[in-house]
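What follows is a short report on a single structure.
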Amino acid sequence: LEGVLGRSLDRKLGNSTIAIDREQYETARELLGDDYDDRLDQYATITEETGTESGATAFEETRDAQVTYANETERFESTYAEYQRAREANETERARELARELDRSAAAVNDSAEQLVTAYLFLENATGTDQADRLTTINQTRESVLERVETVREAEFVGTTITLTANRGNATIRDPVSITGRLVDEAGKPLRNARVTLGTEEQLGTTRTDANGSFGLRYRPDPTTEAGEQPLSVAYAPDPQSQYRSSSETLTVRVDPVAPAVNISATPERAAFG
């Protein structure tokens with residue numbers, strides 16, 4: 001019975017993968033719905049008795065990852081179709097807004113595909129099933145998404161670059177690091193009045209570029225910042241209708257500890273009891 005249920009679950013996963021490849025997303029989710037859950041519950045009960053619980057865990061994790069992957073892929077395809085309609089209608093600003101949505105959506109598809117591949121490899125190891133065909137299909141879909149979004153980027157946006165320089169390689173609470181930078185497009189033209197952001201785990205600071213594309217920021221560690229290397233990321237995120245592509249750059253500084261100093265003084269200098 002364990003084998004029968006396992007093959008049934010595996011078959012549903014396979015058919016769901018095919019449905020996603022054919023852009024039949026509702027079908028893909030239905031295949032992993034209530035009936036899948038019922039059979040998975042039966043399978044889990046049996047594997048508890050046989051000591052092969054990892055198989056049930058693998059089927060559950062793969063199902064969850066595949067549903068997420070189906071949702072993200074559907075979202076990308078829907079946005080891509082809307083983007084194409086905007087291009088055909090010469091709606092330039094709307095097309096750029098949708099292009100930025102596609103950029104984010106493609107990243108989500110890529111992340112969900114990576115998680116799904118990991119889940120299928122776990123399932124393969126836990127159950128001894130061959131998942132090669134499904135892995136190939138997932139990777140082909142992911143590559144198609146990434147290729148299309150790169151074509152959209154090239155059509156809609158001008159690339160940008162951030163360069164950074166720090167006045168020192170270490171920082172303390174007393175002595176912050178001053179960061180200077182410059183933002184230019186792919187032709188080397190400076191971007192003026194552009195908003196750039198310095199981000200760390202504890203802090204977020206913003207400024208704007210001058211007429212030469214230059215900017216300055218300062219990083220002072222928080223009292224709770226651990227000593228050691230600290231990545232400082234500076235990013236440019238243009239407005240949705242902008243012709244420019246976002247960019248970021250990271251530099252690393254060393255956060256040095258500062259020994260606390262306590263000064264004690266008594267006033268008055270003499271004291272008496274009573």
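We name chains A, B, ... following the order of the structure tokens; residues begin at 1 in each chain, and ligands are numbered from 1 as shown.
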Practice problem: From the DSSP assignment of the backbone, select every residue of stretch 70-233 of chain A that is strand (DSSP E), and format the answer as a PyMOL selection string. | Solution: chain A and resi 160-166+170-171+177-185+195-199+204-208+214-219+228-233
Neighbour list for A:Phe122 as a list in words, cut-off 12 Å, only C-alpha atoms, skip fewer than 6 positions in-chain: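 Answer for this query is Ser54, Gly55, Ala56, Thr57, Ala58, Phe59, Glu60, Glu61, Thr62, Ala65, Gln115, Leu116, Gly128, Thr129, Asp130 and Gln131 of chain A.
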Store the residues of this selection in a file with C-alpha atoms, as a PDB file, in the first residue's frame.
ATOM      1  CA  SER A  54      11.206  11.129   5.274  1.00  0.00           C
ATOM      2  CA  GLY A  55       9.197  10.122   2.222  1.00  0.00           C
ATOM      3  CA  ALA A  56       6.039  11.749   3.568  1.00  0.00           C
ATOM      4  CA  THR A  57       7.983  14.859   4.509  1.00  0.00           C
ATOM      5  CA  ALA A  58       9.451  15.009   1.014  1.00  0.00           C
ATOM      6  CA  PHE A  59       6.052  14.680  -0.676  1.00  0.00           C
ATOM      7  CA  GLU A  60       4.650  17.441   1.525  1.00  0.00           C
ATOM      8  CA  GLU A  61       7.569  19.833   0.986  1.00  0.00           C
ATOM      9  CA  THR A  62       7.566  19.208  -2.766  1.00  0.00           C
ATOM     10  CA  ALA A  65       7.135  24.263  -3.192  1.00  0.00           C
ATOM     11  CA  GLN A 115      13.405  25.768  -3.832  1.00  0.00           C
ATOM     12  CA  LEU A 116      11.367  23.352  -5.945  1.00  0.00           C
ATOM     13  CA  GLY A 128      14.205   6.412  -4.806  1.00  0.00           C
ATOM     14  CA  THR A 129      12.106   7.902  -7.613  1.00  0.00           C
ATOM     15  CA  ASP A 130      13.623   9.407 -10.763  1.00  0.00           C
ATOM     16  CA  GLN A 131      12.836  13.124 -10.960  1.00  0.00           C
TER      17      GLN A 131
END
Can you tell me which residues surround A:Asp210 at a distance of at most 12 Å, considering only C-alpha atoms, apart from same-chain residues fewer than 2 positions away, and format the answer as a ChimeraX atom specification?
/A:180-184,190-196,207-208,212-216
Export of the given selection (N, CA and C atoms) as a PDB file, in the first residue's frame:
ATOM      1  N   THR A 180      31.831  58.191  -0.242  1.00  0.00           N
ATOM      2  CA  THR A 180      31.512  59.014  -1.404  1.00  0.00           C
ATOM      3  C   THR A 180      31.262  58.092  -2.581  1.00  0.00           C
ATOM      4  N   GLY A 181      30.401  58.532  -3.477  1.00  0.00           N
ATOM      5  CA  GLY A 181      30.075  57.693  -4.622  1.00  0.00           C
ATOM      6  C   GLY A 181      29.620  58.516  -5.799  1.00  0.00           C
ATOM      7  N   ARG A 182      29.404  57.797  -6.902  1.00  0.00           N
ATOM      8  CA  ARG A 182      28.932  58.451  -8.132  1.00  0.00           C
ATOM      9  C   ARG A 182      28.012  57.493  -8.869  1.00  0.00           C
ATOM     10  N   LEU A 183      26.941  58.053  -9.417  1.00  0.00           N
ATOM     11  CA  LEU A 183      25.950  57.282 -10.161  1.00  0.00           C
ATOM     12  C   LEU A 183      25.933  57.779 -11.604  1.00  0.00           C
ATOM     13  N   VAL A 184      26.190  56.861 -12.544  1.00  0.00           N
ATOM     14  CA  VAL A 184      26.205  57.217 -13.964  1.00  0.00           C
ATOM     15  C   VAL A 184      25.412  56.180 -14.747  1.00  0.00           C
ATOM     16  N   PRO A 190      26.331  61.334 -15.910  1.00  0.00           N
ATOM     17  CA  PRO A 190      25.896  61.368 -14.501  1.00  0.00           C
ATOM     18  C   PRO A 190      24.394  61.530 -14.361  1.00  0.00           C
ATOM     19  N   LEU A 191      23.838  60.906 -13.336  1.00  0.00           N
ATOM     20  CA  LEU A 191      22.411  61.044 -13.021  1.00  0.00           C
ATOM     21  C   LEU A 191      22.279  62.029 -11.870  1.00  0.00           C
ATOM     22  N   ARG A 192      21.641  63.137 -12.123  1.00  0.00           N
ATOM     23  CA  ARG A 192      21.500  64.179 -11.111  1.00  0.00           C
ATOM     24  C   ARG A 192      20.189  64.016 -10.349  1.00  0.00           C
ATOM     25  N   ASN A 193      20.203  64.459  -9.088  1.00  0.00           N
ATOM     26  CA  ASN A 193      19.027  64.452  -8.212  1.00  0.00           C
ATOM     27  C   ASN A 193      18.404  63.061  -8.093  1.00  0.00           C
ATOM     28  N   ALA A 194      19.235  62.041  -8.174  1.00  0.00           N
ATOM     29  CA  ALA A 194      18.754  60.659  -8.035  1.00  0.00           C
ATOM     30  C   ALA A 194      18.877  60.235  -6.572  1.00  0.00           C
ATOM     31  N   ARG A 195      17.896  59.494  -6.106  1.00  0.00           N
ATOM     32  CA  ARG A 195      17.859  59.070  -4.704  1.00  0.00           C
ATOM     33  C   ARG A 195      18.654  57.775  -4.535  1.00  0.00           C
ATOM     34  N   VAL A 196      19.639  57.795  -3.644  1.00  0.00           N
ATOM     35  CA  VAL A 196      20.417  56.603  -3.337  1.00  0.00           C
ATOM     36  C   VAL A 196      20.284  56.295  -1.852  1.00  0.00           C
ATOM     37  N   THR A 207      20.183  59.839   0.466  1.00  0.00           N
ATOM     38  CA  THR A 207      20.638  61.147   0.010  1.00  0.00           C
ATOM     39  C   THR A 207      20.336  61.247  -1.471  1.00  0.00           C
ATOM     40  N   ARG A 208      20.682  62.385  -2.086  1.00  0.00           N
ATOM     41  CA  ARG A 208      20.478  62.565  -3.519  1.00  0.00           C
ATOM     42  C   ARG A 208      21.783  63.000  -4.179  1.00  0.00           C
ATOM     43  N   ASN A 212      26.773  66.350 -10.802  1.00  0.00           N
ATOM     44  CA  ASN A 212      27.808  65.472 -11.337  1.00  0.00           C
ATOM     45  C   ASN A 212      27.533  63.998 -11.055  1.00  0.00           C
ATOM     46  N   GLY A 213      26.360  63.706 -10.451  1.00  0.00           N
ATOM     47  CA  GLY A 213      26.032  62.332 -10.096  1.00  0.00           C
ATOM     48  C   GLY A 213      26.693  61.867  -8.817  1.00  0.00           C
ATOM     49  N   SER A 214      27.348  62.795  -8.108  1.00  0.00           N
ATOM     50  CA  SER A 214      28.095  62.422  -6.901  1.00  0.00           C
ATOM     51  C   SER A 214      27.203  62.524  -5.668  1.00  0.00           C
ATOM     52  N   PHE A 215      27.587  61.779  -4.643  1.00  0.00           N
ATOM     53  CA  PHE A 215      26.831  61.802  -3.386  1.00  0.00           C
ATOM     54  C   PHE A 215      27.752  61.419  -2.238  1.00  0.00           C
ATOM     55  N   GLY A 216      27.310  61.731  -1.035  1.00  0.00           N
ATOM     56  CA  GLY A 216      28.054  61.362   0.160  1.00  0.00           C
ATOM     57  C   GLY A 216      27.131  60.797   1.227  1.00  0.00           C
TER      58      GLY A 216
END
Of A:Ile46, A:Ala106, A:Ile138, A:Ile162, the one nearest to A:Gly14 when counting only C-alpha atoms is A:Ile138
- prompt: Quick one: of A:Tyr120, A:Tyr43, A:Phe76, A:Phe157, who's nearest to A:Tyr244, counting only C-alpha atoms?
  reply: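 Once distances to A:Tyr244 are computed over only C-alpha atoms, the minimum belongs to A:Phe157.
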### Task
Skip A:Tyr80 itself and residues of its chain fewer than 2 positions away, then list as a VMD selection string all residues within 10 Å of it, counting only C-alpha atoms.
chain A and resid 74 to 78 82 to 86 95 98 to 99 101 to 102 105 145 148 to 149 152
| request: Take atom CA of A:Glu2 and atom CA of A:Gln42 and report the distance between them in Å, one decimal. | output: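 According to the coordinates, atom CA of A:Glu2 and atom CA of A:Gln42 are separated by 8.6 Å.
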Spatial neighbours of A:Ala235, max dist 7 Å, only C-alpha atoms, sep filter under 4 positions, as number ranges by chain: A: 196-198, 247-249
| Would you give me, as a PyMOL selection string, the residues in stretch 8-168 of chain A that DSSP reads as helix (DSSP H, G or I)? | chain A and resi 8-21+25-30+34-50+53-88+92-127+132-156
For A:Asn15, the closest of A:Thr27, A:Thr163, A:Thr225, A:Thr151 counting only C-alpha atoms is A:Thr27
